[in-house]
$ cat data_23.cif   # mmCIF, N, CA and C atoms
data_run
loop_
_atom_site.label_atom_id
_atom_site.label_comp_id
_atom_site.auth_asym_id
_atom_site.auth_seq_id
_atom_site.Cartn_x
_atom_site.Cartn_y
_atom_site.Cartn_z
N MET A 244 25.72 27.00 4.87
CA MET A 244 25.52 27.47 3.52
C MET A 244 24.03 27.78 3.34
N PRO A 245 23.69 28.85 2.64
CA PRO A 245 22.29 29.20 2.43
C PRO A 245 21.52 28.13 1.65
N LEU A 246 20.23 28.09 1.90
CA LEU A 246 19.33 27.15 1.22
C LEU A 246 18.45 27.90 0.23
N PHE A 247 18.11 27.19 -0.87
CA PHE A 247 17.26 27.74 -1.90
C PHE A 247 16.28 26.67 -2.34
N VAL A 248 15.11 27.10 -2.75
CA VAL A 248 14.08 26.18 -3.21
C VAL A 248 13.69 26.52 -4.64
N MET A 249 13.44 25.47 -5.42
CA MET A 249 12.86 25.65 -6.75
C MET A 249 11.47 25.03 -6.70
N ILE A 250 10.49 25.83 -7.08
CA ILE A 250 9.11 25.36 -7.18
C ILE A 250 8.73 25.50 -8.65
N ALA A 251 8.45 24.38 -9.28
CA ALA A 251 8.13 24.39 -10.71
C ALA A 251 6.82 23.67 -10.95
N LYS A 252 6.02 24.24 -11.82
CA LYS A 252 4.74 23.63 -12.19
C LYS A 252 4.80 23.22 -13.66
N ASP A 253 4.32 22.01 -13.93
CA ASP A 253 4.32 21.50 -15.30
C ASP A 253 3.29 22.22 -16.16
N LYS A 254 3.61 22.31 -17.45
CA LYS A 254 2.61 22.76 -18.43
C LYS A 254 1.59 21.64 -18.57
N PRO A 255 0.33 21.97 -18.75
CA PRO A 255 -0.67 20.92 -18.97
C PRO A 255 -0.32 20.07 -20.19
N GLY A 256 -0.58 18.79 -20.10
CA GLY A 256 -0.38 17.89 -21.22
C GLY A 256 1.05 17.43 -21.45
N THR A 257 1.92 17.62 -20.46
CA THR A 257 3.33 17.23 -20.64
C THR A 257 3.69 15.96 -19.86
N GLY A 258 2.70 15.22 -19.41
CA GLY A 258 2.97 14.03 -18.60
C GLY A 258 3.82 12.99 -19.31
N ALA A 259 3.52 12.68 -20.56
CA ALA A 259 4.31 11.68 -21.30
C ALA A 259 5.73 12.19 -21.53
N GLN A 260 5.86 13.47 -21.82
CA GLN A 260 7.18 14.07 -22.04
C GLN A 260 7.99 14.05 -20.74
N ARG A 261 7.31 14.30 -19.61
CA ARG A 261 7.96 14.25 -18.29
C ARG A 261 8.52 12.85 -18.05
N THR A 262 7.70 11.84 -18.31
CA THR A 262 8.12 10.45 -18.10
C THR A 262 9.32 10.11 -18.98
N ALA A 263 9.30 10.54 -20.23
CA ALA A 263 10.39 10.24 -21.15
C ALA A 263 11.68 10.95 -20.75
N THR A 264 11.58 12.14 -20.17
CA THR A 264 12.74 12.95 -19.81
C THR A 264 13.25 12.62 -18.41
N ARG A 265 12.48 11.90 -17.62
CA ARG A 265 12.81 11.66 -16.22
C ARG A 265 14.20 11.06 -16.01
N PRO A 266 14.67 10.09 -16.79
CA PRO A 266 16.02 9.55 -16.54
C PRO A 266 17.12 10.61 -16.62
N VAL A 267 17.04 11.51 -17.59
CA VAL A 267 18.04 12.57 -17.73
C VAL A 267 17.88 13.58 -16.59
N HIS A 268 16.65 13.86 -16.21
CA HIS A 268 16.36 14.75 -15.08
C HIS A 268 16.99 14.18 -13.80
N LEU A 269 16.83 12.89 -13.56
CA LEU A 269 17.40 12.26 -12.36
C LEU A 269 18.93 12.26 -12.40
N GLU A 270 19.53 12.11 -13.58
CA GLU A 270 20.98 12.23 -13.71
C GLU A 270 21.45 13.62 -13.31
N HIS A 271 20.71 14.64 -13.73
CA HIS A 271 21.03 16.02 -13.38
C HIS A 271 20.96 16.20 -11.86
N LEU A 272 19.91 15.68 -11.25
CA LEU A 272 19.76 15.80 -9.80
C LEU A 272 20.89 15.07 -9.08
N THR A 273 21.22 13.87 -9.52
CA THR A 273 22.29 13.10 -8.91
C THR A 273 23.63 13.83 -9.00
N ALA A 274 23.86 14.52 -10.11
CA ALA A 274 25.11 15.25 -10.31
C ALA A 274 25.28 16.41 -9.32
N MET A 275 24.20 16.85 -8.71
CA MET A 275 24.28 17.93 -7.72
C MET A 275 24.93 17.44 -6.42
N GLY A 276 24.98 16.14 -6.22
CA GLY A 276 25.62 15.59 -5.04
C GLY A 276 24.91 15.98 -3.75
N GLN A 277 25.70 16.13 -2.70
CA GLN A 277 25.15 16.39 -1.36
C GLN A 277 24.55 17.78 -1.22
N LYS A 278 24.78 18.67 -2.17
CA LYS A 278 24.18 20.01 -2.09
C LYS A 278 22.67 19.97 -2.32
N LEU A 279 22.21 18.94 -3.01
CA LEU A 279 20.77 18.76 -3.21
C LEU A 279 20.23 18.04 -1.99
N LEU A 280 19.45 18.74 -1.19
CA LEU A 280 18.96 18.17 0.07
C LEU A 280 17.68 17.37 -0.11
N LEU A 281 16.78 17.89 -0.91
CA LEU A 281 15.49 17.25 -1.13
C LEU A 281 15.06 17.49 -2.57
N ALA A 282 14.38 16.53 -3.15
CA ALA A 282 13.83 16.70 -4.49
C ALA A 282 12.67 15.74 -4.64
N GLY A 283 11.64 16.20 -5.31
CA GLY A 283 10.52 15.32 -5.55
C GLY A 283 9.43 16.00 -6.36
N ALA A 284 8.51 15.17 -6.80
CA ALA A 284 7.40 15.65 -7.63
C ALA A 284 6.29 16.23 -6.76
N LEU A 285 5.70 17.31 -7.24
CA LEU A 285 4.45 17.82 -6.68
C LEU A 285 3.34 16.99 -7.30
N MET A 286 2.50 16.40 -6.49
CA MET A 286 1.50 15.47 -7.00
C MET A 286 0.12 16.12 -7.08
N GLY A 287 -0.59 15.83 -8.15
CA GLY A 287 -1.95 16.31 -8.32
C GLY A 287 -2.93 15.40 -7.61
N GLU A 288 -4.15 15.84 -7.54
CA GLU A 288 -5.19 15.04 -6.89
C GLU A 288 -5.40 13.70 -7.58
N ASP A 289 -5.05 13.63 -8.88
CA ASP A 289 -5.20 12.39 -9.62
C ASP A 289 -4.04 11.42 -9.40
N GLY A 290 -3.08 11.81 -8.56
CA GLY A 290 -1.95 10.94 -8.26
C GLY A 290 -0.80 11.04 -9.25
N ASN A 291 -0.90 11.95 -10.21
CA ASN A 291 0.15 12.13 -11.20
C ASN A 291 0.97 13.37 -10.89
N PRO A 292 2.26 13.36 -11.27
CA PRO A 292 3.10 14.54 -11.05
C PRO A 292 2.56 15.75 -11.80
N GLU A 293 2.65 16.90 -11.15
CA GLU A 293 2.25 18.15 -11.81
C GLU A 293 3.28 19.26 -11.59
N GLY A 294 4.46 18.87 -11.13
CA GLY A 294 5.52 19.84 -10.91
C GLY A 294 6.62 19.22 -10.07
N SER A 295 7.54 20.08 -9.64
CA SER A 295 8.68 19.61 -8.85
C SER A 295 9.03 20.60 -7.76
N LEU A 296 9.61 20.08 -6.69
CA LEU A 296 10.12 20.91 -5.61
C LEU A 296 11.52 20.39 -5.27
N LEU A 297 12.49 21.32 -5.25
CA LEU A 297 13.87 20.96 -4.94
C LEU A 297 14.42 21.93 -3.91
N VAL A 298 15.22 21.41 -2.98
CA VAL A 298 15.89 22.25 -1.99
C VAL A 298 17.39 22.01 -2.14
N LEU A 299 18.13 23.11 -2.30
CA LEU A 299 19.55 23.05 -2.62
C LEU A 299 20.35 23.99 -1.74
N GLU A 300 21.53 23.55 -1.32
CA GLU A 300 22.49 24.44 -0.66
C GLU A 300 23.34 25.09 -1.75
N ALA A 301 23.54 26.40 -1.66
CA ALA A 301 24.38 27.10 -2.64
C ALA A 301 24.94 28.35 -2.01
N GLU A 302 25.98 28.89 -2.61
CA GLU A 302 26.63 30.10 -2.10
C GLU A 302 25.76 31.35 -2.26
N SER A 303 24.93 31.36 -3.31
CA SER A 303 24.14 32.56 -3.61
C SER A 303 22.91 32.17 -4.42
N LEU A 304 21.98 33.10 -4.52
CA LEU A 304 20.80 32.89 -5.35
C LEU A 304 21.21 32.66 -6.80
N GLU A 305 22.21 33.38 -7.27
CA GLU A 305 22.67 33.23 -8.65
C GLU A 305 23.24 31.83 -8.88
N ALA A 306 24.03 31.34 -7.93
CA ALA A 306 24.60 29.99 -8.06
C ALA A 306 23.51 28.94 -8.01
N ALA A 307 22.55 29.10 -7.11
CA ALA A 307 21.43 28.16 -7.02
C ALA A 307 20.64 28.17 -8.32
N GLY A 308 20.35 29.36 -8.81
CA GLY A 308 19.59 29.47 -10.06
C GLY A 308 20.30 28.81 -11.22
N ALA A 309 21.60 29.01 -11.34
CA ALA A 309 22.36 28.41 -12.43
C ALA A 309 22.28 26.89 -12.38
N THR A 310 22.35 26.32 -11.20
CA THR A 310 22.28 24.87 -11.05
C THR A 310 20.87 24.36 -11.29
N LEU A 311 19.90 24.98 -10.63
CA LEU A 311 18.52 24.50 -10.71
C LEU A 311 17.91 24.71 -12.08
N LEU A 312 18.22 25.83 -12.72
CA LEU A 312 17.62 26.14 -14.01
C LEU A 312 18.26 25.36 -15.16
N ALA A 313 19.30 24.58 -14.86
CA ALA A 313 19.90 23.70 -15.87
C ALA A 313 19.15 22.37 -15.96
N ASP A 314 18.05 22.24 -15.22
CA ASP A 314 17.27 21.01 -15.20
C ASP A 314 16.76 20.67 -16.61
N PRO A 315 16.92 19.43 -17.04
CA PRO A 315 16.42 19.02 -18.35
C PRO A 315 14.91 19.23 -18.53
N PHE A 316 14.14 19.20 -17.47
CA PHE A 316 12.71 19.48 -17.60
C PHE A 316 12.47 20.89 -18.12
N ILE A 317 13.36 21.81 -17.82
CA ILE A 317 13.24 23.18 -18.33
C ILE A 317 13.60 23.20 -19.82
N ALA A 318 14.73 22.59 -20.16
CA ALA A 318 15.17 22.57 -21.55
C ALA A 318 14.15 21.89 -22.46
N GLU A 319 13.45 20.89 -21.94
CA GLU A 319 12.45 20.17 -22.73
C GLU A 319 11.08 20.85 -22.74
N GLY A 320 10.96 21.97 -22.02
CA GLY A 320 9.70 22.71 -22.03
C GLY A 320 8.59 22.09 -21.19
N ILE A 321 8.95 21.26 -20.23
CA ILE A 321 7.95 20.60 -19.40
C ILE A 321 7.38 21.56 -18.35
N PHE A 322 8.25 22.37 -17.76
CA PHE A 322 7.78 23.32 -16.74
C PHE A 322 7.15 24.54 -17.40
N GLY A 323 5.97 24.89 -16.93
CA GLY A 323 5.31 26.10 -17.39
C GLY A 323 5.69 27.31 -16.55
N SER A 324 6.04 27.07 -15.29
CA SER A 324 6.49 28.14 -14.40
C SER A 324 7.56 27.60 -13.47
N VAL A 325 8.52 28.47 -13.16
CA VAL A 325 9.63 28.09 -12.29
C VAL A 325 9.97 29.28 -11.40
N GLU A 326 10.08 29.02 -10.10
CA GLU A 326 10.54 30.03 -9.15
C GLU A 326 11.73 29.46 -8.39
N VAL A 327 12.77 30.27 -8.23
CA VAL A 327 13.90 29.92 -7.37
C VAL A 327 13.98 31.00 -6.31
N LYS A 328 13.90 30.60 -5.05
CA LYS A 328 13.84 31.56 -3.95
C LYS A 328 14.73 31.12 -2.79
N PRO A 329 15.25 32.07 -2.03
CA PRO A 329 15.92 31.71 -0.78
C PRO A 329 14.91 31.01 0.13
N TRP A 330 15.40 30.08 0.94
CA TRP A 330 14.52 29.32 1.83
C TRP A 330 15.17 29.20 3.19
N ARG A 331 14.37 29.28 4.22
CA ARG A 331 14.86 29.18 5.59
C ARG A 331 14.08 28.08 6.31
N VAL A 332 14.80 27.23 7.00
CA VAL A 332 14.19 26.16 7.78
C VAL A 332 13.56 26.74 9.04
N ALA A 333 12.32 26.39 9.30
CA ALA A 333 11.65 26.80 10.53
C ALA A 333 11.55 25.64 11.51
N ILE A 334 11.24 24.47 11.00
CA ILE A 334 11.14 23.26 11.82
C ILE A 334 11.94 22.18 11.12
N ASN A 335 12.76 21.48 11.89
CA ASN A 335 13.66 20.49 11.30
C ASN A 335 13.65 19.24 12.17
N HIS A 336 13.01 18.20 11.69
CA HIS A 336 13.00 16.93 12.39
C HIS A 336 13.96 15.93 11.77
N SER A 337 14.79 16.39 10.85
CA SER A 337 15.68 15.48 10.11
C SER A 337 16.89 15.06 10.93
N GLY A 338 17.23 15.83 11.94
CA GLY A 338 18.44 15.54 12.68
C GLY A 338 19.68 16.17 12.07
N ARG A 339 19.52 16.79 10.93
CA ARG A 339 20.64 17.46 10.26
C ARG A 339 20.57 18.96 10.55
N GLU A 340 21.74 19.55 10.80
CA GLU A 340 21.78 20.98 11.06
C GLU A 340 22.04 21.74 9.78
N PHE A 341 21.29 22.81 9.55
CA PHE A 341 21.47 23.65 8.37
C PHE A 341 21.95 25.02 8.75
#
$ encode --input "data_23.cif" --output "structure tokens"
Amino acid sequence: MPLFVMIAKDKPGTGAQRTATRPVHLEHLTAMGQKLLLAGALMGEDGNPEGSLLVLEAESLEAAGATLLADPFIAEGIFGSVEVKPWRVAINHSGREF
């Protein structure tokens, strides 16, 4: 199944809002099940989250976008920019075949 990545950057000053919304955000990620391969915060030099990166298996870019763009961080206005793009593995040390 094709892979897609979401790269999202937080709007400045949304750290407290991110923390408050995180439980619902994690519920959304958990609901994706095994199709969500990787997810995590992009960290700033100060050690605080400044965005998110997610890798998802989906049938199409449209399907990936529909799933990824339903993230509560988007609905709450935390992300200032969001990109969803096809992604291809070049090096894989995970032991899992994609």
$ residues_around --input "data_23.cif" --residues "Lys328 in chain A" --least-positions-apart "4" --cutoff "6 Å" --atoms "all atoms listed in the file" --output "list in words"
Leu246, Phe247, Val248 and Met249 of chain A
$ write_last_selection --input "data_23.cif" --atoms "N, CA and C atoms" --output "PDB file, in the coordinates of the input"
ATOM      1  N   LEU A 246      20.230  28.090   1.900  1.00  0.00           N
ATOM      2  CA  LEU A 246      19.330  27.150   1.220  1.00  0.00           C
ATOM      3  C   LEU A 246      18.450  27.900   0.230  1.00  0.00           C
ATOM      4  N   PHE A 247      18.110  27.190  -0.870  1.00  0.00           N
ATOM      5  CA  PHE A 247      17.260  27.740  -1.900  1.00  0.00           C
ATOM      6  C   PHE A 247      16.280  26.670  -2.340  1.00  0.00           C
ATOM      7  N   VAL A 248      15.110  27.100  -2.750  1.00  0.00           N
ATOM      8  CA  VAL A 248      14.080  26.180  -3.210  1.00  0.00           C
ATOM      9  C   VAL A 248      13.690  26.520  -4.640  1.00  0.00           C
ATOM     10  N   MET A 249      13.440  25.470  -5.420  1.00  0.00           N
ATOM     11  CA  MET A 249      12.860  25.650  -6.750  1.00  0.00           C
ATOM     12  C   MET A 249      11.470  25.030  -6.700  1.00  0.00           C
TER      13      MET A 249
END
$ closest_residue --input "data_23.cif" --among "A:Met275, A:Ile317, A:Ala306, A:Ala259" --to "Asn291 in chain A" --atoms "only C-alpha atoms"
A:Ala259
$ residues_around --input "data_23.cif" --residues "Pro245 in chain A" --least-positions-apart "2" --cutoff "7 Å" --atoms "all atoms listed in the file" --output "PyMOL selection string"
chain A and resi 247+299-303+330
$ closest_residue --input "data_23.cif" --among "A:Val267, A:Ala251, A:Arg261, A:Leu279" --to "Val325 in chain A" --atoms "all atoms listed in the file"
A:Ala251
$ closest_residue --input "data_23.cif" --among "A:Leu281, A:Ala274, A:Ile321, A:Ile334" --to "Thr262 in chain A" --atoms "only C-alpha atoms"
A:Ile321
$ select_by_dssp --input "data_23.cif" --residues "chain A" --states "helix (DSSP H, G or I)" --output "ChimeraX atom specification"
/A:258-274,276-278,304-311,315-318
$ write_last_selection --input "data_23.cif" --atoms "N, CA and C atoms" --output "mmCIF file, in the coordinates of the input"
data_model
loop_
_atom_site.group_PDB
_atom_site.id
_atom_site.type_symbol
_atom_site.label_atom_id
_atom_site.label_comp_id
_atom_site.auth_asym_id
_atom_site.auth_seq_id
_atom_site.Cartn_x
_atom_site.Cartn_y
_atom_site.Cartn_z
ATOM 1 N N GLY A 258 2.700 15.220 -19.410
ATOM 2 C CA GLY A 258 2.970 14.030 -18.600
ATOM 3 C C GLY A 258 3.820 12.990 -19.310
ATOM 4 N N ALA A 259 3.520 12.680 -20.560
ATOM 5 C CA ALA A 259 4.310 11.680 -21.300
ATOM 6 C C ALA A 259 5.730 12.190 -21.530
ATOM 7 N N GLN A 260 5.860 13.470 -21.820
ATOM 8 C CA GLN A 260 7.180 14.070 -22.040
ATOM 9 C C GLN A 260 7.990 14.050 -20.740
ATOM 10 N N ARG A 261 7.310 14.300 -19.610
ATOM 11 C CA ARG A 261 7.960 14.250 -18.290
ATOM 12 C C ARG A 261 8.520 12.850 -18.050
ATOM 13 N N THR A 262 7.700 11.840 -18.310
ATOM 14 C CA THR A 262 8.120 10.450 -18.100
ATOM 15 C C THR A 262 9.320 10.110 -18.980
ATOM 16 N N ALA A 263 9.300 10.540 -20.230
ATOM 17 C CA ALA A 263 10.390 10.240 -21.150
ATOM 18 C C ALA A 263 11.680 10.950 -20.750
ATOM 19 N N THR A 264 11.580 12.140 -20.170
ATOM 20 C CA THR A 264 12.740 12.950 -19.810
ATOM 21 C C THR A 264 13.250 12.620 -18.410
ATOM 22 N N ARG A 265 12.480 11.900 -17.620
ATOM 23 C CA ARG A 265 12.810 11.660 -16.220
ATOM 24 C C ARG A 265 14.200 11.060 -16.010
ATOM 25 N N PRO A 266 14.670 10.090 -16.790
ATOM 26 C CA PRO A 266 16.020 9.550 -16.540
ATOM 27 C C PRO A 266 17.120 10.610 -16.620
ATOM 28 N N VAL A 267 17.040 11.510 -17.590
ATOM 29 C CA VAL A 267 18.040 12.570 -17.730
ATOM 30 C C VAL A 267 17.880 13.580 -16.590
ATOM 31 N N HIS A 268 16.650 13.860 -16.210
ATOM 32 C CA HIS A 268 16.360 14.750 -15.080
ATOM 33 C C HIS A 268 16.990 14.180 -13.800
ATOM 34 N N LEU A 269 16.830 12.890 -13.560
ATOM 35 C CA LEU A 269 17.400 12.260 -12.360
ATOM 36 C C LEU A 269 18.930 12.260 -12.400
ATOM 37 N N GLU A 270 19.530 12.110 -13.580
ATOM 38 C CA GLU A 270 20.980 12.230 -13.710
ATOM 39 C C GLU A 270 21.450 13.620 -13.310
ATOM 40 N N HIS A 271 20.710 14.640 -13.730
ATOM 41 C CA HIS A 271 21.030 16.020 -13.380
ATOM 42 C C HIS A 271 20.960 16.200 -11.860
ATOM 43 N N LEU A 272 19.910 15.680 -11.250
ATOM 44 C CA LEU A 272 19.760 15.800 -9.800
ATOM 45 C C LEU A 272 20.890 15.070 -9.080
ATOM 46 N N THR A 273 21.220 13.870 -9.520
ATOM 47 C CA THR A 273 22.290 13.100 -8.910
ATOM 48 C C THR A 273 23.630 13.830 -9.000
ATOM 49 N N ALA A 274 23.860 14.520 -10.110
ATOM 50 C CA ALA A 274 25.110 15.250 -10.310
ATOM 51 C C ALA A 274 25.280 16.410 -9.320
ATOM 52 N N GLY A 276 24.980 16.140 -6.220
ATOM 53 C CA GLY A 276 25.620 15.590 -5.040
ATOM 54 C C GLY A 276 24.910 15.980 -3.750
ATOM 55 N N GLN A 277 25.700 16.130 -2.700
ATOM 56 C CA GLN A 277 25.150 16.390 -1.360
ATOM 57 C C GLN A 277 24.550 17.780 -1.220
ATOM 58 N N LYS A 278 24.780 18.670 -2.170
ATOM 59 C CA LYS A 278 24.180 20.010 -2.090
ATOM 60 C C LYS A 278 22.670 19.970 -2.320
ATOM 61 N N LEU A 304 21.980 33.100 -4.520
ATOM 62 C CA LEU A 304 20.800 32.890 -5.350
ATOM 63 C C LEU A 304 21.210 32.660 -6.800
ATOM 64 N N GLU A 305 22.210 33.380 -7.270
ATOM 65 C CA GLU A 305 22.670 33.230 -8.650
ATOM 66 C C GLU A 305 23.240 31.830 -8.880
ATOM 67 N N ALA A 306 24.030 31.340 -7.930
ATOM 68 C CA ALA A 306 24.600 29.990 -8.060
ATOM 69 C C ALA A 306 23.510 28.940 -8.010
ATOM 70 N N ALA A 307 22.550 29.100 -7.110
ATOM 71 C CA ALA A 307 21.430 28.160 -7.020
ATOM 72 C C ALA A 307 20.640 28.170 -8.320
ATOM 73 N N GLY A 308 20.350 29.360 -8.810
ATOM 74 C CA GLY A 308 19.590 29.470 -10.060
ATOM 75 C C GLY A 308 20.300 28.810 -11.220
ATOM 76 N N ALA A 309 21.600 29.010 -11.340
ATOM 77 C CA ALA A 309 22.360 28.410 -12.430
ATOM 78 C C ALA A 309 22.280 26.890 -12.380
ATOM 79 N N THR A 310 22.350 26.320 -11.200
ATOM 80 C CA THR A 310 22.280 24.870 -11.050
ATOM 81 C C THR A 310 20.870 24.360 -11.290
ATOM 82 N N LEU A 311 19.900 24.980 -10.630
ATOM 83 C CA LEU A 311 18.520 24.500 -10.710
ATOM 84 C C LEU A 311 17.910 24.710 -12.080
ATOM 85 N N PRO A 315 16.920 19.430 -17.040
ATOM 86 C CA PRO A 315 16.420 19.020 -18.350
ATOM 87 C C PRO A 315 14.910 19.230 -18.530
ATOM 88 N N PHE A 316 14.140 19.200 -17.470
ATOM 89 C CA PHE A 316 12.710 19.480 -17.600
ATOM 90 C C PHE A 316 12.470 20.890 -18.120
ATOM 91 N N ILE A 317 13.360 21.810 -17.820
ATOM 92 C CA ILE A 317 13.240 23.180 -18.330
ATOM 93 C C ILE A 317 13.600 23.200 -19.820
ATOM 94 N N ALA A 318 14.730 22.590 -20.160
ATOM 95 C CA ALA A 318 15.170 22.570 -21.550
ATOM 96 C C ALA A 318 14.150 21.890 -22.460
#
$ atom_distance --input "data_23.cif" --atom1 "CA of Leu285 in chain A" --atom2 "CA of Gly323 in chain A"
13.6 Å
$ resolve_selection --input "data_23.cif" --expression "the PyMOL selection byres ((chain A and resi 252-254) around 5)" --output "list in words"
Ile250, Ala251, Pro255, Gly256, Thr257, Glu293, Gly294, Ser295, Ile321, Phe322, Gly323 and Ser324 of chain A
